[in-house]
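Colleague: First the structure, then my questions, so here it is.
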Amino acid sequence: MASMLLSTLRSCPVTHSYQCLIYPFLSISVRLSVPSVQTKSKKSLARPGMKNIVLVEGVRTPFLLSGTTYADLMPHDLARAALQGLLNKTGLPKDAVDYIIYGTVIQEVKTSNVAREAALGAGFSDKIPAHTVTMACISSNQAMTSGMSGKTISTPSVGLIAAGQCDAIVAGGVEFMSDVPIRHSRKMRKTMLSLNKAKTLGAKLGLIGSIRMAHLAPELPAVAEFSTAETMGHSADRLAAAFGVTRLEQDEFALRSHTLAKKAQDAGLLQDVISFKVPGRDIVSKDNGIRPSSMEQMGKLKAAFIKPHGTVTAANSSFLTDGASAVLIMSEEKALAMGYKPKAYLRDFVYVSQDPKDQLLLGPTYGTPKVLERAGLTMNDIDVFEFHEAFAGQIMANLKAMDSDWFGQTYLGRKSKVGAPPMEKFNLWGGSLSLGHPFGATGCRLVTTVAHRLQKEGGQYGLVAACAAGGQGHAMVIEAYPQ
Amino acid sequence: MLARTHVNYEVKGDVAVVRMNAPNSKVNTLSIQMQNEMTEVMNELWANNAVRSAVLISSKPGCFIAGADINMIQSCKDAEEVTKLSQEGQKMFEQIEKSPKPVVAAINGSCLGGGLEIGLPGAFDMMLTGRNIRADKAKKMGLVDQLVDPLGPGLKSPEERTIDYLEEVAIEYAKGIVDKKIKLHKEKGMMQKIQDYVMSFEFVRNQIYKTVHGKVMKQSKGLYPAPLKIIECVKTGVEQGPTAGYLAESQNFGQLAKTSESGALIGLYHGQVACKKNRFGTPEKEVKTLAILGAGLMGAGIAQVTVDKGVHTILKDTTVDGLARGEQQVYKGLNDKTKKRNITSFQRDSILSNLTGQLDYSGLEKADMVIEAVFEDIKIKHAVLKEVEAVVSPHCIFASNTSALPIKDIAAASKRPDKVIGMHYFSPVDKMQLLEIITTDQTSKDTTASAVAVGLKQGKVIIVVGDGPGFYTTRCLAPMLAEAVRVLQEGVDPKKLDALTTGFGFPVGAATLADEVGIDVAAHVAEDLGKAFGSRFGGGNVEVLKTMVDQGFKGRKSGKGCYVYQPGLKVKEVNPEIGDILEKYKMTPNPAVSSDSDVQYRLISRFVNEAVLCLQEGILNNPLEGDIGAVFGLGFPPCLGGPFRFVDTFGADKLVEKMRQFEAVYGNQFTPCQLLLDHAKDSSKKFHK
């Protein structure tokens, strides 16, 4: 609390970027509402005695539908491309960072520490240690926060920069759904392992002879929550029903996401996307999942999970995506010393978790009020919202949960509702539904997008929130860097 | 017109939503009121042109219709009245079935008996066994057309919102059916067509009736009339058309409702409900940590039914091997549930995280209750009691799971006898519903309340009895087993003995029961109670059991007892080696009291007489608990409703007459007790009003 009182007031340097706020491509009432957030003299969240941590740069490979141009790569190839893109864009010397952390969900067993393999492949000095973290769809958020700051108790690892261990880190995330580890059955694996140990030919033949047809059935990676055996889409459909989210609302939101993404792409706003020459293929420089459709076409689709009366369809869900992201995070002093112009301050963050059955995807609802409270902000202070869109139904359910007094009182222990983010500040450049959602890579995309939007729109505070399998969630406050 | 209290409806668009909600009750039953109002509502809906379809839904979370109202059936004076009721019900069902407008039943929770008839016509198999079916299985069996998932919290509580959601989905369906967007009748598959063709031959149908009849006879020994009548009704319906079928159904239902078997089963139902309440009030302190000493069959069984109720459970044994076996038993019990998909593997693991296995007394200071299930030896029990009292907190209750040792003898070693109580579980603990709680003069009321609360949490049906050798259940069983040994000594084969007892209605034959309980336990109990009660508990020679134990025939657990048990084999053969033992102790049967029927009554009368004596001596609080204890703990024939109801229906005078006949041959083992004699003298005296 004391640090809050001591925090310095600073005038907000927003006016000069005001011109950038003309979005001829947005039919939604952005132009009208954004100026209302241009209140001056919002306080900075800098705290005495704490290092300021800044985002220097953020990049990502184009996010592609799995099974398309990236199909023949390996996960570390994608991560490598993102890292190289970061190096190119920043001109960073290859030995200038102290540590590299990557997040990923479905692991390629050959490169289980994908951070290390990608870093070596991208030409980073072999003296830079690297590790890989996993926390479902917020894996790269965890990669960033592990690197940046130890000031929140919620994070398990000690933040390397805040702890003074490092001054510059690279964090990122990668997901590669074009190839997933499909295993032999447990019985077959057991036989094969025993075969390794069998000494005599007789013993080996005996083991081979014990193989039955059933042994040959492969084991696919589970798409279901391990604890409840329920698939995420099924849970999302139930969640949408619990909050009374209609099919129409979901389709409308999905269409909005695709429409906004298309406009952002066409207007060149997605500056974080780097071009990537795929070995043996063409140069890829655009996300390929953005497909604005029509309500009529979307309405024709059948429910994908709860058949036939469910409301979650292929069109209002995020799709399986290949992609990687990377961000360069430094202490402010280091960034300035190296001559960088930081994009944003990375401030408070929280991790939350709740019932993996009935509240699997409510992370943003739990995380948002908690992180705002930590930062001493209110919903009204936030100028830019970037929420991870797993399913349109999940986003709508979270919005309704945040807008419900009953839910706030019963499940969040609050006196009243959190309040839903205004749509005119919400995911204005598309989201996971349209841009794609490589599980491990999405977190960095969200943070970079907030930084870019703050620069473009001239706001001061941005909020990232995301849900993740296991009933977990994350939220982070990002502050514009004075321009 | 009077306002309706049970059934109401509102019209949403062109769909009428009919809501059932019996006032002041947790469940909906098919009471007269419910039936009348339903018929009334249905008539109104048909007359209403704005209504094109209807949705039938319950406003009660977790219950659609639990079945017929038992009290309604009980209050009928005779079979004709029940028949009439049944016909009214049929009319209502027929009305829904033949409704010109589609009716969608939106079922949330239990839907049993008549409730199911409202939903959809039942399958043959289910009518017979009356078992509960999970929703996904009901879909597979074709009982229901669609499943709706329960919802978590949203803008309302999960229960409320789930009902709303169910209603929304059902309304969409009703509309879909009217608009012909949803087909009601699936194309018949090839199998179904073949089946239909085959079933069109009378001789095939007759063969099926015969097979089902045979199966029922084998399972019920003809002691339960209802399943046979059901076959009869189905047969009438199929062969002579629905009108005759419905008539047969209502008439048979009327007759069945007033049989003694029906009375017995209804009595047990009420008894079970009564024994699921805590008449000792709420305990001062809830048991949150329960320690069990001894990880044997019983100890581990108790642990299993405790830990899955969210109670932190400590399982202590003295050896690593014993503990490992016990923990494995708990794991296996839960894993079997996982295999049957009753719980997920995650739920299993999460339940097991509440179980602590250990060899010492560490952490027992946190225990609110300790149940000992160590070997049945007073010296060991005393040692354990002292060890426990040295470590536990002052409020901790000490419960002894013993089948025969008097609790006051165990409590004699205690510093705080008010905290000592008996909790007699039955093996296998996870299957047997009964818990017999034994209080001494010194046991405090709060201790009793706490023990009952724990038992109820474990899902048990509870009787609370007074202290004494063998308490109630063991004391009733011992004379019957003594008689069974005598019957064996008289040259009756164990298989024949089993057939005689199961033929009387016991679910498990006497010889098999002895093997299940354990021959060593039986020998132990027979000797102990023999000492306590003298020659009245005689009959068979205890030496028979002892010799069996000496030769290692301890029953199922040792692989040999009266029978030989081989893993994987369902058919069991008589243990050939007991022939020599029985030969050695051979007795000559007296033909005057050795007919099959005589043997049955010799066994049952000793059981019943001892039960009545327990009531006479005040061990039992009331006849109801006596009946529940005998049926749920010892497998007393459920169709007879328990020893006390048996005396009421069979006639105390007739029973005494039989006993006098046996007394003349065998002596005081068959002397009727005073209370039984009182009832025999005055036929107006009944245990159950």
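The chains in the structure tokens are called A, B, ... from first to last as shown; in each chain the residues are counted from 1, and the ligands are counted from 1 in the order shown.
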May I have a table of the residues of chain B lying at most 6 Å from chain A, giving each one's closest pair of atoms and their distance in Å to one decimal, counting only C-alpha atoms, ordered by chain and ascending residue number, as JSON lines?
Modeller:
```
{"residue": "B:Leu151", "atom": "CA", "partner": "A:Ala242", "partner_atom": "CA", "distance": 5.7}
{"residue": "B:Gly152", "atom": "CA", "partner": "A:Asp358", "partner_atom": "CA", "distance": 4.6}
{"residue": "B:Gly154", "atom": "CA", "partner": "A:Ala242", "partner_atom": "CA", "distance": 4.6}
{"residue": "B:Leu155", "atom": "CA", "partner": "A:Phe243", "partner_atom": "CA", "distance": 5.5}
{"residue": "B:Phe346", "atom": "CA", "partner": "A:Ser227", "partner_atom": "CA", "distance": 5.0}
```
Colleague: So which residues touch Ala324 (chain B) within 9 Å, counting only C-alpha atoms, skipping near sequence neighbours fewer than 5 positions away, as an NGL selection string?
Modeller: :B and (295 or 319 or 329 or 357)
Colleague: What does the distance between CA of Leu481 (chain B) and CA of Glu625 (chain B) come to in Å, to one decimal place?
Modeller: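 Value for the CA of Leu481 (chain B)-CA of Glu625 (chain B) distance: 21.6 Å.
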Colleague: Name all residues at most 12 Å from region 218-225 of chain B (count only C-alpha atoms; drop same-chain ones fewer than 2 positions away) and give them as a PyMOL selection string.
Modeller: chain B and resi 128-129+211-216+227-232+252-253+255-262+264-265+499-508+637-640
Colleague: Could you pull out the alpha helix (DSSP H) residues of region 145-266 of chain A from DSSP and send them as JSON, numbers by chain?
Modeller: {"A": [145, 146, 147, 148, 186, 187, 188, 189, 190, 191, 192, 193, 194, 195, 196, 197, 201, 202, 203, 204, 205, 206, 207, 208, 209, 232, 233, 234, 235, 236, 237, 238, 239, 240, 241, 242, 247, 248, 249, 250, 251, 252, 253, 254, 255, 256, 257, 258, 259, 260, 261, 262, 263, 264, 265, 266]}
Colleague: Tell me, which residues of region 222-381 of chain A carry DSSP strand (DSSP E), written as a ChimeraX atom specification?
Modeller: /A:276-277,283-284,321-331,344-353
Colleague: At what distance in Å, to one decimal, does CA of Val631 (chain B) lie from CA of Glu376 (chain B)?
Modeller: 24.4 Å
Colleague: Give me the residues near Leu434 (chain B) as a ChimeraX atom specification, where near means some atom within 6 Å (using only C-alpha atoms) and where sequence neighbours in that chain fewer than 5 positions away do not count.
Modeller: /B:460-462,632-633
Colleague: Write out as a PyMOL selection string the residues lying within 8 Å of Ala264 (chain A), counting only C-alpha atoms and excluding same-chain residues fewer than 5 positions away.
Modeller: chain A and resi 269-270+429-430
Colleague: Restricted to all heavy atoms, what would the selected residues look like written as a PDB file, in the first residue's frame?
Modeller:
```
ATOM      1  N   LEU A 269      -1.521  -3.485 -39.346  1.00  0.00           N
ATOM      2  CA  LEU A 269      -1.353  -3.238 -37.915  1.00  0.00           C
ATOM      3  C   LEU A 269      -0.654  -4.390 -37.186  1.00  0.00           C
ATOM      4  O   LEU A 269      -0.135  -4.210 -36.097  1.00  0.00           O
ATOM      5  CB  LEU A 269      -2.717  -2.991 -37.271  1.00  0.00           C
ATOM      6  CG  LEU A 269      -3.400  -1.686 -37.691  1.00  0.00           C
ATOM      7  CD1 LEU A 269      -4.807  -1.610 -37.129  1.00  0.00           C
ATOM      8  CD2 LEU A 269      -2.585  -0.494 -37.203  1.00  0.00           C
ATOM      9  N   LEU A 270      -0.674  -5.552 -37.789  1.00  0.00           N
ATOM     10  CA  LEU A 270      -0.090  -6.706 -37.099  1.00  0.00           C
ATOM     11  C   LEU A 270       1.419  -6.723 -37.340  1.00  0.00           C
ATOM     12  O   LEU A 270       1.977  -7.585 -38.002  1.00  0.00           O
ATOM     13  CB  LEU A 270      -0.738  -8.008 -37.595  1.00  0.00           C
ATOM     14  CG  LEU A 270      -2.278  -8.041 -37.514  1.00  0.00           C
ATOM     15  CD1 LEU A 270      -2.818  -9.352 -38.084  1.00  0.00           C
ATOM     16  CD2 LEU A 270      -2.766  -7.845 -36.086  1.00  0.00           C
ATOM     17  N   TRP A 429      -7.948  -5.922 -32.686  1.00  0.00           N
ATOM     18  CA  TRP A 429      -7.207  -6.390 -33.851  1.00  0.00           C
ATOM     19  C   TRP A 429      -7.414  -7.882 -34.071  1.00  0.00           C
ATOM     20  O   TRP A 429      -6.550  -8.574 -34.560  1.00  0.00           O
ATOM     21  CB  TRP A 429      -5.703  -6.083 -33.697  1.00  0.00           C
ATOM     22  CG  TRP A 429      -5.388  -4.608 -33.661  1.00  0.00           C
ATOM     23  CD1 TRP A 429      -6.264  -3.578 -33.816  1.00  0.00           C
ATOM     24  CD2 TRP A 429      -4.101  -4.022 -33.463  1.00  0.00           C
ATOM     25  NE1 TRP A 429      -5.630  -2.371 -33.712  1.00  0.00           N
ATOM     26  CE2 TRP A 429      -4.286  -2.604 -33.499  1.00  0.00           C
ATOM     27  CE3 TRP A 429      -2.814  -4.512 -33.252  1.00  0.00           C
ATOM     28  CZ2 TRP A 429      -3.236  -1.699 -33.335  1.00  0.00           C
ATOM     29  CZ3 TRP A 429      -1.766  -3.617 -33.086  1.00  0.00           C
ATOM     30  CH2 TRP A 429      -1.975  -2.224 -33.135  1.00  0.00           C
ATOM     31  N   GLY A 430      -8.591  -8.359 -33.695  1.00  0.00           N
ATOM     32  CA  GLY A 430      -8.860  -9.788 -33.801  1.00  0.00           C
ATOM     33  C   GLY A 430      -8.330 -10.500 -32.574  1.00  0.00           C
ATOM     34  O   GLY A 430      -7.789  -9.877 -31.651  1.00  0.00           O
TER      35      GLY A 430
END
```
Colleague: Do you know which residues are at most 10 Å from region 182-193 of chain A counting only C-alpha atoms, after dropping those on the same chain fewer than 3 positions away, and could you put them as a PDB file with C-alpha atoms, in the first residue's frame?
Modeller:
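Output saved as part16.pdb:
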```pdb
ATOM      1  CA  ASP A 179       2.599 -33.221 -35.850  1.00  0.00           C
ATOM      2  CA  ASN A 196      15.470 -54.351 -25.017  1.00  0.00           C
ATOM      3  CA  LYS A 197      16.265 -56.223 -21.862  1.00  0.00           C
ATOM      4  CA  ALA A 198      15.675 -59.734 -23.169  1.00  0.00           C
ATOM      5  CA  LYS A 204      13.052 -62.160 -27.566  1.00  0.00           C
ATOM      6  CA  LEU A 207       8.076 -61.428 -26.386  1.00  0.00           C
ATOM      7  CA  ILE A 208       7.514 -60.865 -30.091  1.00  0.00           C
ATOM      8  CA  SER A 210       3.123 -62.159 -27.296  1.00  0.00           C
ATOM      9  CA  ILE A 211       2.216 -59.183 -29.489  1.00  0.00           C
ATOM     10  CA  ARG A 212      -1.487 -59.180 -30.319  1.00  0.00           C
ATOM     11  CA  MET A 213      -3.560 -57.077 -32.678  1.00  0.00           C
ATOM     12  CA  ALA A 214      -4.789 -54.990 -29.745  1.00  0.00           C
ATOM     13  CA  HIS A 215      -1.194 -54.010 -28.979  1.00  0.00           C
ATOM     14  CA  LEU A 216      -0.993 -52.229 -32.292  1.00  0.00           C
ATOM     15  CA  ALA A 217      -3.754 -49.711 -31.662  1.00  0.00           C
ATOM     16  CA  PRO A 218      -2.056 -46.310 -31.345  1.00  0.00           C
ATOM     17  CA  GLU A 219      -2.595 -43.856 -28.532  1.00  0.00           C
ATOM     18  CA  LEU A 220      -3.456 -40.309 -29.564  1.00  0.00           C
ATOM     19  CA  PRO A 221      -2.654 -37.372 -27.326  1.00  0.00           C
ATOM     20  CA  ALA A 222      -5.737 -36.679 -25.239  1.00  0.00           C
TER      21      ALA A 222
END
```
Colleague: Can you work out the spacing between CA of Pro438 (chain A) and CA of Met177 (chain A) in Å, to one decimal?
Modeller: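 Computing the Euclidean distance for CA of Pro438 (chain A) and CA of Met177 (chain A) yields 7.8 Å.
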Colleague: Can you list, as a ChimeraX atom specification, every protein, DNA or RNA residue that comes within 9 Å of Leu268 (chain B) when you count only C-alpha atoms, leaving out same-chain residues fewer than 4 positions away?
Modeller: /B:263-264,272-273,624,627-628,631,638,641-642
Colleague: When distances are computed from only C-alpha atoms, which of A:Pro279, A:Pro422, A:Gly436, A:Pro369 shows the smallest separation from Tyr70 (chain A)?
Modeller: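 Distance minimum relative to Tyr70 (chain A) lands on A:Pro279.
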